[in-house]
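The data block below is coords.pdb; it holds PDB, C-alpha atoms (C1' of nucleotides).
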ATOM      1  CA  MET A 199      -6.342 -15.163  25.987
ATOM      2  CA  GLU A 200      -6.302 -13.768  22.479
ATOM      3  CA  GLN A 201      -3.189 -13.839  20.404
ATOM      4  CA  THR A 202      -1.624 -10.452  19.745
ATOM      5  CA  TYR A 203       1.160  -9.183  17.522
ATOM      6  CA  SER A 204       3.750  -6.449  17.634
ATOM      7  CA  ILE A 205       4.174  -4.120  14.698
ATOM      8  CA  SER A 206       7.380  -5.890  13.680
ATOM      9  CA  ASP A 207       5.661  -9.276  13.876
ATOM     10  CA  LEU A 208       3.211  -8.109  11.232
ATOM     11  CA  SER A 209       5.850  -6.294   9.186
ATOM     12  CA  ARG A 210       7.789  -9.548   8.967
ATOM     13  CA  GLU A 211       4.771 -11.712   8.214
ATOM     14  CA  PHE A 212       3.490  -9.488   5.419
ATOM     15  CA  ASP A 213       6.895  -8.292   4.271
ATOM     16  CA  ILE A 214       6.195  -4.592   4.561
ATOM     17  CA  THR A 215       7.843  -1.873   6.628
ATOM     18  CA  THR A 216       6.536  -0.711   9.977
ATOM     19  CA  ARG A 217       6.327   2.687   8.354
ATOM     20  CA  SER A 218       3.687   1.353   5.996
ATOM     21  CA  ILE A 219       1.673  -0.217   8.804
ATOM     22  CA  ARG A 220       1.659   3.035  10.747
ATOM     23  CA  PHE A 221       0.709   4.895   7.597
ATOM     24  CA  TYR A 222      -2.275   2.605   7.058
ATOM     25  CA  GLU A 223      -3.364   3.412  10.606
ATOM     26  CA  ASP A 224      -2.914   7.101   9.839
ATOM     27  CA  GLN A 225      -5.263   6.677   6.893
ATOM     28  CA  GLY A 226      -7.891   4.998   9.053
ATOM     29  CA  LEU A 227      -7.378   1.446   7.788
ATOM     30  CA  LEU A 228      -6.165   0.072  11.106
ATOM     31  CA  ALA A 229      -6.850   0.947  14.729
ATOM     32  CA  PRO A 230      -4.745  -1.298  16.977
ATOM     33  CA  ALA A 231      -5.007  -1.223  20.763
ATOM     34  CA  ARG A 232      -2.269   0.418  22.814
ATOM     35  CA  ARG A 233      -0.298  -0.598  25.847
ATOM     36  CA  GLY A 234       0.983   2.794  26.814
ATOM     37  CA  GLN A 235       2.390   4.113  23.562
ATOM     38  CA  THR A 236       3.009   0.727  22.031
ATOM     39  CA  ARG A 237       0.656  -0.713  19.436
ATOM     40  CA  ILE A 238      -0.889  -4.116  20.107
ATOM     41  CA  TYR A 239      -2.421  -5.844  17.099
ATOM     42  CA  SER A 240      -5.245  -8.364  17.501
ATOM     43  CA  LYS A 241      -6.207 -11.202  15.174
ATOM     44  CA  GLY A 242      -8.831  -8.904  13.689
ATOM     45  CA  ASP A 243      -6.185  -6.298  12.960
ATOM     46  CA  ARG A 244      -4.166  -8.998  11.248
ATOM     47  CA  VAL A 245      -7.144  -9.942   9.096
ATOM     48  CA  ARG A 246      -7.605  -6.310   8.135
ATOM     49  CA  LEU A 247      -3.954  -6.075   7.172
ATOM     50  CA  ARG A 248      -4.373  -9.140   5.023
ATOM     51  CA  LEU A 249      -7.307  -7.468   3.298
ATOM     52  CA  ILE A 250      -5.212  -4.355   2.799
ATOM     53  CA  MET A 251      -2.457  -6.327   1.092
ATOM     54  CA  ARG A 252      -4.958  -8.094  -1.108
ATOM     55  CA  GLY A 253      -6.452  -4.780  -2.128
ATOM     56  CA  LYS A 254      -3.005  -3.512  -3.024
ATOM     57  CA  ARG A 255      -2.349  -6.513  -5.210
ATOM     58  CA  LEU A 256      -5.531  -5.644  -7.069
ATOM     59  CA  GLY A 257      -4.327  -2.077  -7.576
ATOM     60  CA  LEU A 258      -6.765  -0.374  -5.222
ATOM     61  CA  SER A 259      -5.872   2.880  -3.516
ATOM     62  CA  LEU A 260      -5.820   2.952   0.271
ATOM     63  CA  ALA A 261      -9.042   4.969   0.202
ATOM     64  CA  GLU A 262     -10.728   2.324  -1.940
ATOM     65  CA  ILE A 263      -9.431  -0.428   0.323
ATOM     66  CA  LYS A 264     -10.829   1.380   3.342
ATOM     67  CA  GLU A 265     -14.190   1.662   1.626
ATOM     68  CA  THR A 266     -14.206  -2.046   0.885
ATOM     69  CA  ILE A 267     -13.224  -3.092   4.396
ATOM     70  CA  ASP A 268     -15.730  -0.743   5.982
ATOM     71  CA  LEU A 269     -18.292  -2.293   3.691
ATOM     72  CA  TYR A 270     -17.621  -5.750   5.083
ATOM     73  CA  ASP A 271     -17.686  -4.540   8.665
ATOM     74  CA  ALA A 272     -20.919  -2.633   8.695
ATOM     75  CA  SER A 273     -24.005  -4.484   7.619
ATOM     76  CA  PRO A 274     -26.294  -4.622  10.694
ATOM     77  CA  SER A 275     -28.109  -1.666  12.216
ATOM     78  CA  LYS A 276     -28.681   0.215   8.991
ATOM     79  CA  SER A 277     -31.662   2.055   7.577
ATOM     80  CA  VAL A 278     -33.394   0.950   4.393
ATOM     81  CA  ILE A 279     -31.764   3.755   2.469
ATOM     82  CA  GLN A 280     -28.316   2.925   3.790
ATOM     83  CA  LEU A 281     -28.781  -0.737   2.917
ATOM     84  CA  GLU A 282     -29.862   0.151  -0.583
ATOM     85  CA  GLN A 283     -26.833   2.384  -0.993
ATOM     86  CA  LEU A 284     -24.653  -0.452   0.241
ATOM     87  CA  LEU A 285     -26.177  -2.822  -2.276
ATOM     88  CA  SER A 286     -25.576  -0.285  -5.013
ATOM     89  CA  ILE A 287     -21.916   0.042  -4.056
ATOM     90  CA  ILE A 288     -21.615  -3.730  -3.959
ATOM     91  CA  GLN A 289     -22.968  -3.937  -7.508
ATOM     92  CA  GLN A 290     -20.354  -1.437  -8.674
ATOM     93  CA  LYS A 291     -17.544  -3.340  -7.005
ATOM     94  CA  LYS A 292     -18.760  -6.592  -8.512
ATOM     95  CA  LYS A 293     -18.659  -5.042 -11.966
ATOM     96  CA  LEU A 294     -15.127  -3.793 -11.413
ATOM     97  CA  LEU A 295     -14.024  -7.244 -10.318
ATOM     98  CA  GLU A 296     -15.646  -8.801 -13.363
ATOM     99  CA  GLN A 297     -13.797  -6.355 -15.601
ATOM    100  CA  GLN A 298     -10.539  -7.182 -13.869
ATOM    101  CA  ALA A 299     -11.247 -10.880 -14.308
ATOM    102  CA  ARG A 300     -11.737 -10.322 -18.042
ATOM    103  CA  ASP A 301      -8.543  -8.263 -18.220
ATOM    104  CA  ILE A 302      -6.633 -11.031 -16.484
ATOM    105  CA  ALA A 303      -8.010 -13.693 -18.799
ATOM    106  CA  GLU A 304      -6.984 -11.634 -21.834
ATOM    107  CA  SER A 305      -3.526 -11.038 -20.432
ATOM    108  CA  GLN A 306      -3.086 -14.711 -19.698
ATOM    109  CA  LEU A 307      -4.052 -15.633 -23.234
ATOM    110  CA  GLU A 308      -1.565 -13.184 -24.690
ATOM    111  CA  LEU A 309       1.158 -14.310 -22.334
ATOM    112  CA  ASN A 310       0.605 -17.911 -23.369
ATOM    113  CA  VAL A 311       0.879 -16.985 -27.023
ATOM    114  CA  THR A 312       4.090 -15.086 -26.387
ATOM    115  CA  GLU A 313       5.437 -17.958 -24.329
ATOM    116  CA  GLN A 314       4.828 -20.435 -27.142
ATOM    117  CA  ARG A 315       6.446 -18.131 -29.671
ATOM    118  CA  CYS A 316       9.491 -17.890 -27.422
ATOM    119  CA  GLN A 317       9.731 -21.633 -27.001
ATOM    120  CA  GLN A 318       9.347 -22.131 -30.726
ATOM    121  CA  ALA A 319      12.120 -19.626 -31.400
ATOM    122  CA  LEU A 320      14.328 -21.429 -28.896
ATOM    123  CA  LEU A 321      13.690 -24.764 -30.553
ATOM    124  CA  GLU A 322      14.621 -23.391 -33.950
ATOM    125  CA  LEU A 323      17.818 -21.895 -32.640
ATOM    126  CA  GLN A 324      18.793 -25.237 -31.163
ATOM    127  CA  GLN A 325      18.001 -27.088 -34.381
ATOM    128  CA  ASN A 326      20.066 -24.642 -36.405
ATOM    129  CA  ALA A 327      22.938 -25.153 -34.012
ATOM    130  CA  ASP A 328      22.656 -28.903 -34.597
ATOM    131  CA  THR A 329      22.585 -28.789 -38.403
ATOM    132  CA  SER A 330      25.281 -26.149 -38.777
ATOM    133  CA  ASP A 331      27.721 -27.847 -36.461
ATOM    134  CA  ASN A 332      27.552 -31.359 -37.863
TER     135      ASN A 332
ATOM    136  CA  MET B 117      -4.685   3.544 -46.779
ATOM    137  CA  GLU B 118      -4.381   2.886 -43.084
ATOM    138  CA  GLN B 119      -6.716   4.482 -40.631
ATOM    139  CA  THR B 120      -5.135   7.054 -38.348
ATOM    140  CA  TYR B 121      -6.288   8.999 -35.306
ATOM    141  CA  SER B 122      -5.652  12.388 -33.776
ATOM    142  CA  ILE B 123      -4.758  12.676 -30.133
ATOM    143  CA  SER B 124      -8.241  13.927 -29.323
ATOM    144  CA  ASP B 125      -9.820  11.033 -31.205
ATOM    145  CA  LEU B 126      -8.076   8.644 -28.857
ATOM    146  CA  SER B 127      -8.696  10.771 -25.787
ATOM    147  CA  ARG B 128     -12.409  10.633 -26.535
ATOM    148  CA  GLU B 129     -12.463   6.950 -27.336
ATOM    149  CA  PHE B 130     -10.621   5.908 -24.175
ATOM    150  CA  ASP B 131     -11.981   8.691 -21.994
ATOM    151  CA  ILE B 132      -8.631  10.047 -20.893
ATOM    152  CA  THR B 133      -7.004  13.443 -21.331
ATOM    153  CA  THR B 134      -4.581  14.324 -24.081
ATOM    154  CA  ARG B 135      -2.200  15.148 -21.279
ATOM    155  CA  SER B 136      -2.205  11.502 -20.225
ATOM    156  CA  ILE B 137      -1.598  10.282 -23.766
ATOM    157  CA  ARG B 138       1.385  12.588 -24.172
ATOM    158  CA  PHE B 139       2.654  11.502 -20.783
ATOM    159  CA  TYR B 140       2.529   7.850 -21.829
ATOM    160  CA  GLU B 141       4.607   8.781 -24.865
ATOM    161  CA  ASP B 142       7.014  10.617 -22.582
ATOM    162  CA  GLN B 143       7.403   7.421 -20.585
ATOM    163  CA  GLY B 144       8.143   5.423 -23.718
ATOM    164  CA  LEU B 145       4.794   3.601 -23.928
ATOM    165  CA  LEU B 146       3.777   5.195 -27.221
ATOM    166  CA  ALA B 147       5.684   6.470 -30.231
ATOM    167  CA  PRO B 148       3.210   7.895 -32.759
ATOM    168  CA  ALA B 149       4.267   9.135 -36.168
ATOM    169  CA  ARG B 150       4.422  12.867 -36.853
ATOM    170  CA  ARG B 151       3.135  15.022 -39.621
ATOM    171  CA  GLY B 152       5.294  18.037 -38.963
ATOM    172  CA  GLN B 153       4.851  18.556 -35.252
ATOM    173  CA  THR B 154       1.477  16.904 -35.019
ATOM    174  CA  ARG B 155       1.110  13.374 -33.681
ATOM    175  CA  ILE B 156      -0.531  10.803 -35.946
ATOM    176  CA  TYR B 157      -1.665   7.614 -34.255
ATOM    177  CA  SER B 158      -1.896   4.359 -36.181
ATOM    178  CA  LYS B 159      -4.042   1.317 -35.464
ATOM    179  CA  GLY B 160      -1.046  -0.200 -33.739
ATOM    180  CA  ASP B 161      -0.742   2.827 -31.474
ATOM    181  CA  ARG B 162      -4.405   2.442 -30.663
ATOM    182  CA  VAL B 163      -3.862  -1.174 -29.709
ATOM    183  CA  ARG B 164      -0.982  -0.161 -27.479
ATOM    184  CA  LEU B 165      -3.165   2.429 -25.802
ATOM    185  CA  ARG B 166      -5.782  -0.232 -25.196
ATOM    186  CA  LEU B 167      -3.108  -2.388 -23.572
ATOM    187  CA  ILE B 168      -2.066   0.554 -21.432
ATOM    188  CA  MET B 169      -5.610   1.057 -20.183
ATOM    189  CA  ARG B 170      -5.962  -2.616 -19.425
ATOM    190  CA  GLY B 171      -2.731  -2.567 -17.475
ATOM    191  CA  LYS B 172      -3.999   0.359 -15.464
ATOM    192  CA  ARG B 173      -7.197  -1.469 -14.602
ATOM    193  CA  LEU B 174      -5.019  -4.258 -13.228
ATOM    194  CA  GLY B 175      -3.100  -1.788 -11.088
ATOM    195  CA  LEU B 176       0.184  -1.928 -12.971
ATOM    196  CA  SER B 177       2.550   1.019 -12.973
ATOM    197  CA  LEU B 178       3.400   2.600 -16.310
ATOM    198  CA  ALA B 179       6.863   1.068 -16.087
ATOM    199  CA  GLU B 180       5.354  -2.385 -15.602
ATOM    200  CA  ILE B 181       2.950  -1.815 -18.461
ATOM    201  CA  LYS B 182       5.831  -0.814 -20.711
ATOM    202  CA  GLU B 183       7.685  -3.963 -19.751
ATOM    203  CA  THR B 184       4.669  -6.080 -20.624
ATOM    204  CA  ILE B 185       4.024  -4.404 -23.960
ATOM    205  CA  ASP B 186       7.675  -4.562 -24.954
ATOM    206  CA  LEU B 187       7.502  -8.234 -24.093
ATOM    207  CA  TYR B 188       4.733  -8.833 -26.608
ATOM    208  CA  ASP B 189       6.503  -6.835 -29.299
ATOM    209  CA  ALA B 190       9.896  -8.392 -29.226
ATOM    210  CA  SER B 191      10.101 -12.129 -29.693
ATOM    211  CA  PRO B 192      12.007 -12.691 -32.983
ATOM    212  CA  SER B 193      15.702 -12.030 -33.496
ATOM    213  CA  LYS B 194      16.778 -12.868 -29.984
ATOM    214  CA  SER B 195      19.671 -14.870 -28.623
ATOM    215  CA  VAL B 196      19.157 -18.021 -26.600
ATOM    216  CA  ILE B 197      19.960 -16.150 -23.386
ATOM    217  CA  GLN B 198      17.532 -13.365 -24.207
ATOM    218  CA  LEU B 199      14.806 -15.851 -25.014
ATOM    219  CA  GLU B 200      15.391 -17.667 -21.747
ATOM    220  CA  GLN B 201      15.221 -14.407 -19.848
ATOM    221  CA  LEU B 202      11.983 -13.599 -21.646
ATOM    222  CA  LEU B 203      10.532 -16.952 -20.677
ATOM    223  CA  SER B 204      11.548 -16.351 -17.080
ATOM    224  CA  ILE B 205       9.820 -12.959 -17.049
ATOM    225  CA  ILE B 206       6.747 -14.540 -18.586
ATOM    226  CA  GLN B 207       6.650 -17.105 -15.797
ATOM    227  CA  GLN B 208       6.762 -14.339 -13.207
ATOM    228  CA  LYS B 209       3.983 -12.424 -14.874
ATOM    229  CA  LYS B 210       1.870 -15.544 -15.097
ATOM    230  CA  LYS B 211       2.283 -16.103 -11.379
ATOM    231  CA  LEU B 212       1.257 -12.533 -10.640
ATOM    232  CA  LEU B 213      -1.843 -12.923 -12.785
ATOM    233  CA  GLU B 214      -2.720 -16.171 -11.035
ATOM    234  CA  GLN B 215      -2.404 -14.446  -7.671
ATOM    235  CA  GLN B 216      -4.613 -11.627  -8.872
ATOM    236  CA  ALA B 217      -7.155 -14.142 -10.108
ATOM    237  CA  ARG B 218      -7.212 -15.752  -6.657
ATOM    238  CA  ASP B 219      -7.557 -12.348  -5.012
ATOM    239  CA  ILE B 220     -10.474 -11.522  -7.261
ATOM    240  CA  ALA B 221     -12.198 -14.823  -6.555
ATOM    241  CA  GLU B 222     -11.849 -14.250  -2.814
ATOM    242  CA  SER B 223     -13.156 -10.699  -3.092
ATOM    243  CA  GLN B 224     -16.110 -11.866  -5.134
ATOM    244  CA  LEU B 225     -16.987 -14.489  -2.542
ATOM    245  CA  GLU B 226     -16.877 -11.959   0.269
ATOM    246  CA  LEU B 227     -18.868  -9.449  -1.718
ATOM    247  CA  ASN B 228     -21.553 -12.054  -2.365
ATOM    248  CA  VAL B 229     -21.764 -12.869   1.325
ATOM    249  CA  THR B 230     -22.082  -9.210   2.205
ATOM    250  CA  GLU B 231     -24.682  -8.742  -0.491
ATOM    251  CA  GLN B 232     -26.822 -11.548   0.874
ATOM    252  CA  ARG B 233     -26.530 -10.191   4.406
ATOM    253  CA  CYS B 234     -27.688  -6.821   3.132
ATOM    254  CA  GLN B 235     -30.637  -8.285   1.290
ATOM    255  CA  GLN B 236     -31.572 -10.340   4.337
ATOM    256  CA  ALA B 237     -31.442  -7.233   6.529
ATOM    257  CA  LEU B 238     -33.610  -5.390   4.032
ATOM    258  CA  LEU B 239     -36.168  -8.189   4.014
ATOM    259  CA  GLU B 240     -36.379  -8.170   7.784
ATOM    260  CA  LEU B 241     -36.860  -4.434   7.897
ATOM    261  CA  GLN B 242     -39.696  -4.719   5.420
ATOM    262  CA  GLN B 243     -41.355  -7.526   7.372
ATOM    263  CA  ASN B 244     -41.128  -5.548  10.577
ATOM    264  CA  ALA B 245     -42.742  -2.614   8.831
ATOM    265  CA  ASP B 246     -45.605  -4.905   7.755
ATOM    266  CA  THR B 247     -46.304  -6.432  11.164
ATOM    267  CA  SER B 248     -46.007  -3.179  13.094
ATOM    268  CA  ASP B 249     -48.222  -1.185  10.780
ATOM    269  CA  ASN B 250     -51.171  -3.611  10.417
TER     270      ASN B 250
ATOM    271  C1'  DA C 168      25.880   0.604  33.978
ATOM    272  C1'  DA C 169      26.104   0.186  29.151
ATOM    273  C1'  DT C 170      24.732  -1.997  25.074
ATOM    274  C1'  DT C 171      21.324  -3.812  22.074
ATOM    275  C1'  DA C 172      16.740  -4.220  20.286
ATOM    276  C1'  DC C 173      12.435  -2.343  19.488
ATOM    277  C1'  DG C 174       9.039   1.188  19.494
ATOM    278  C1'  DT C 175       7.326   6.156  19.297
ATOM    279  C1'  DT C 176       6.496  10.818  17.109
ATOM    280  C1'  DT C 177       7.816  14.469  13.971
ATOM    281  C1'  DA C 178       9.094  15.974   9.765
ATOM    282  C1'  DC C 179      11.076  16.526   5.431
ATOM    283  C1'  DG C 180      12.141  14.004   0.873
ATOM    284  C1'  DT C 181      10.880  11.129  -3.190
ATOM    285  C1'  DT C 182       8.431   8.911  -7.000
ATOM    286  C1'  DT C 183       4.392   8.311  -9.817
ATOM    287  C1'  DG C 184       0.816  10.026 -12.689
ATOM    288  C1'  DC C 185      -1.106  13.124 -14.107
ATOM    289  C1'  DG C 186      -3.878  18.464 -13.762
ATOM    290  C1'  DT C 187      -3.456  23.042 -15.061
ATOM    291  C1'  DC C 188      -2.211  27.021 -17.105
ATOM    292  C1'  DA C 189       0.628  29.670 -20.748
ATOM    293  C1'  DA C 190       2.249  30.891 -25.110
ATOM    294  C1'  DA C 191       3.065  29.672 -29.583
ATOM    295  C1'  DA C 192       2.456  27.058 -33.753
ATOM    296  C1'  DT C 193      -0.809  24.297 -36.937
ATOM    297  C1'  DA C 194      -4.821  22.777 -38.917
ATOM    298  C1'  DC C 195      -9.264  23.086 -40.679
ATOM    299  C1'  DC C 196     -13.469  25.572 -42.540
ATOM    300  C1'  DG C 197     -16.373  28.820 -44.841
TER     301       DG C 197
ATOM    302  C1'  DC D 147      -7.544  34.533 -46.240
ATOM    303  C1'  DG D 148      -9.257  35.173 -41.779
ATOM    304  C1'  DG D 149     -11.096  33.189 -37.785
ATOM    305  C1'  DT D 150     -11.852  29.309 -34.830
ATOM    306  C1'  DA D 151     -10.384  24.963 -33.082
ATOM    307  C1'  DT D 152      -6.754  21.933 -32.196
ATOM    308  C1'  DT D 153      -2.191  20.782 -31.020
ATOM    309  C1'  DT D 154       2.425  21.553 -29.359
ATOM    310  C1'  DT D 155       6.025  22.305 -25.931
ATOM    311  C1'  DG D 156       7.303  23.817 -21.591
ATOM    312  C1'  DA D 157       6.755  24.626 -16.721
ATOM    313  C1'  DC D 158       4.780  24.488 -12.322
ATOM    314  C1'  DG D 159       1.654  22.123  -9.041
ATOM    315  C1'  DC D 160      -0.229  18.364  -6.475
ATOM    316  C1'  DA D 161      -1.963  14.111  -4.043
ATOM    317  C1'  DA D 162      -0.817   9.330  -2.843
ATOM    318  C1'  DA D 163       2.141   6.183  -0.599
ATOM    319  C1'  DC D 164       5.469   5.623   1.406
ATOM    320  C1'  DG D 165      11.273   6.212   2.507
ATOM    321  C1'  DT D 166      14.413   8.118   5.471
ATOM    322  C1'  DA D 167      16.500  10.160   9.076
ATOM    323  C1'  DA D 168      16.351  12.386  13.795
ATOM    324  C1'  DA D 169      15.649  12.271  18.467
ATOM    325  C1'  DC D 170      13.738  10.113  22.081
ATOM    326  C1'  DG D 171      11.663   6.429  25.414
ATOM    327  C1'  DT D 172      11.542   1.611  27.224
ATOM    328  C1'  DA D 173      12.936  -2.915  28.100
ATOM    329  C1'  DA D 174      15.791  -6.714  28.238
ATOM    330  C1'  DT D 175      20.557  -8.451  28.171
ATOM    331  C1'  DT D 176      25.250  -8.662  29.254
TER     332       DT D 176
END
Could you write out this file's structure as structure tokens?
Amino acid sequence: MEQTYSISDLSREFDITTRSIRFYEDQGLLAPARRGQTRIYSKGDRVRLRLIMRGKRLGLSLAEIKETIDLYDASPSKSVIQLEQLLSIIQQKKKLLEQQARDIAESQLELNVTEQRCQQALLELQQNADTSDN
Amino acid sequence: MEQTYSISDLSREFDITTRSIRFYEDQGLLAPARRGQTRIYSKGDRVRLRLIMRGKRLGLSLAEIKETIDLYDASPSKSVIQLEQLLSIIQQKKKLLEQQARDIAESQLELNVTEQRCQQALLELQQNADTSDN
DNA sequence: AATTACGTTTACGTTTGCGTCAAAATACCG
DNA sequence: CGGTATTTTGACGCAAACGTAAACGTAATT
């Protein structure tokens, strides 16, 4: 049937502890099926976990990540007002992402400058070594 | 001479509390001059604070932000080994930024899809309202 | 039957990044 | 110079995001 995963499968794949995975469930970010007491993760759960990790890399809190994931999940069967609220939230998130993109571009520029300065300094050190030794 | 700022000047400009600014100093991210006991912030301090805020928007910890800022500051008067270590750190940071850029691009794509679904759902609701009411 | 591997809940501990007083010292303004 | 506003240094508090046992159940392996 459908592929499933144990908690340690996922902890290995995403390189996080099982403690973290259970904590995410505690915070409402995951809701795996159970066989008795044991958690059984579906492909959908795995996708959600991937989204969680991506959110973390972007510096989002677990609450913000939950908001974002819930946003993706729930689009049908909404009232006009709810849809308009959703669209408003989406606009906000888009602006945040744009700001982050700008921040990244700036950081990359500065890093490149620093990198070149370092390489230049290295070159000069090597040249000095040449001229002083011969 | 040089323009300076009080702690509340900066707290207003960057919309953070003075508590935060002092905490950043405590963590070694800032080192303003003093007139007696009172902190006097220079243009350079203001730049550093801007870098701190940018780092926070990218989800960096204060320790990581400090590392990055220190990296920009210190490039001259280094040994070959130190310069090579610097270059190695720069490579790592570049990779992280590239990953973040990918994460942002993915998020933006998904947000756009969700946005269009929302707008489509809104349109359909409005059309249904038209046909059922007339 | 005993070991090994994995999973479960419960619960207390830790680090980070500040918020929130408190009490005292400084600074600025008419 | 007196009053108001600002700043300073503690010190305690707190939420988030786990880490780290402890103590137990289950299941497969030897």
Which residues fall under the PyMOL selection byres ((chain A) within 9 of (chain B)) in this file, as a PyMOL selection string? chain A and resi 252-258+269-270+273-278+281-282+284-285+288-289+291-292+294-299+301-303+305-306+308-310+312-313+315-317+319-320+323-324
Would you write out, as CSV, a table of all residues in chain D that have an atom no more than 9 Å from an atom of chain B, listing for each the closest atom pair and the distance in Å to one decimal, considering only C-alpha atoms (C1' of nucleotides) and ordering rows by chain and rising residue number?
residue,atom,partner,partner_atom,distance
D:DT152,C1',B:Ser124,CA,8.6
D:DT153,C1',B:Thr154,CA,6.7
D:DT154,C1',B:Gln153,CA,7.0
Of the residues A:Leu227, A:Arg244, A:Arg232, A:Lys264, which is the one nearest to chain C, using all atoms listed in the file? A:Arg232
If you measure from C1' of DA169 (chain C) to C1' of DA173 (chain D), what distance in Å do you get, rounded to one decimal? 13.6 Å
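With distances restricted to all atoms listed in the file, C:DT175 is the closest residue to chain A from C:DT193, C:DT175, C:DT181, C:DT187.
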Where does chain B meet chain C within 8 Å, residue by residue, with the nearest atom pair and distance in Å to one decimal for each, counting all atoms listed in the file, listed by chain and rising number, as a tab-separated table?
residue	atom	partner	partner_atom	distance
B:Arg135	CA	C:DC185	C1'	7.5
B:Ser136	CA	C:DC185	C1'	6.4
B:Phe139	CA	C:DC185	C1'	7.8
B:Thr154	CA	C:DT193	C1'	8.0
Produce a file of the selected residues containing C-alpha atoms, as a short mmCIF file (atom, residue, chain, number, x, y, z; two decimals), in the frame of the given file.
data_model
loop_
_atom_site.label_atom_id
_atom_site.label_comp_id
_atom_site.auth_asym_id
_atom_site.auth_seq_id
_atom_site.Cartn_x
_atom_site.Cartn_y
_atom_site.Cartn_z
CA ARG B 135 -2.20 15.15 -21.28
CA SER B 136 -2.20 11.50 -20.23
CA PHE B 139 2.65 11.50 -20.78
CA THR B 154 1.48 16.90 -35.02
#
As a CSV table (one decimal), in the coordinates of the input, please: region 140-157 of chain B completed to N, CA and C atoms.
chain,number,residue,atom,x,y,z
B,140,TYR,N,2.2,9.2,-21.5
B,140,TYR,CA,2.5,7.8,-21.8
B,140,TYR,C,3.6,7.8,-22.9
B,141,GLU,N,3.6,8.7,-23.9
B,141,GLU,CA,4.6,8.8,-24.9
B,141,GLU,C,5.9,9.2,-24.2
B,142,ASP,N,5.8,10.2,-23.3
B,142,ASP,CA,7.0,10.6,-22.6
B,142,ASP,C,7.7,9.5,-21.9
B,143,GLN,N,6.9,8.6,-21.3
B,143,GLN,CA,7.4,7.4,-20.6
B,143,GLN,C,7.8,6.2,-21.5
B,144,GLY,N,7.7,6.5,-22.8
B,144,GLY,CA,8.1,5.4,-23.7
B,144,GLY,C,7.1,4.4,-24.0
B,145,LEU,N,5.8,4.6,-23.7
B,145,LEU,CA,4.8,3.6,-23.9
B,145,LEU,C,4.2,3.8,-25.3
B,146,LEU,N,4.3,4.9,-25.9
B,146,LEU,CA,3.8,5.2,-27.2
B,146,LEU,C,4.8,5.9,-28.0
B,147,ALA,N,4.7,5.8,-29.4
B,147,ALA,CA,5.7,6.5,-30.2
B,147,ALA,C,5.0,6.8,-31.6
B,148,PRO,N,4.0,7.6,-31.5
B,148,PRO,CA,3.2,7.9,-32.8
B,148,PRO,C,4.1,8.6,-33.8
B,149,ALA,N,3.6,8.4,-35.1
B,149,ALA,CA,4.3,9.1,-36.2
B,149,ALA,C,4.0,10.6,-36.0
B,150,ARG,N,4.7,11.4,-36.9
B,150,ARG,CA,4.4,12.9,-36.9
B,150,ARG,C,4.2,13.4,-38.3
B,151,ARG,N,3.2,14.3,-38.4
B,151,ARG,CA,3.1,15.0,-39.6
B,151,ARG,C,3.5,16.4,-39.2
B,152,GLY,N,4.8,16.8,-39.5
B,152,GLY,CA,5.3,18.0,-39.0
B,152,GLY,C,5.5,17.9,-37.5
B,153,GLN,N,4.8,18.7,-36.7
B,153,GLN,CA,4.9,18.6,-35.3
B,153,GLN,C,3.7,17.7,-34.7
B,154,THR,N,2.7,17.5,-35.5
B,154,THR,CA,1.5,16.9,-35.0
B,154,THR,C,1.6,15.4,-35.0
B,155,ARG,N,1.1,14.8,-33.9
B,155,ARG,CA,1.1,13.4,-33.7
B,155,ARG,C,0.0,12.7,-34.5
B,156,ILE,N,0.4,11.6,-35.2
B,156,ILE,CA,-0.5,10.8,-35.9
B,156,ILE,C,-0.5,9.4,-35.4
B,157,TYR,N,-1.6,8.9,-34.9
B,157,TYR,CA,-1.7,7.6,-34.3
B,157,TYR,C,-2.2,6.6,-35.2
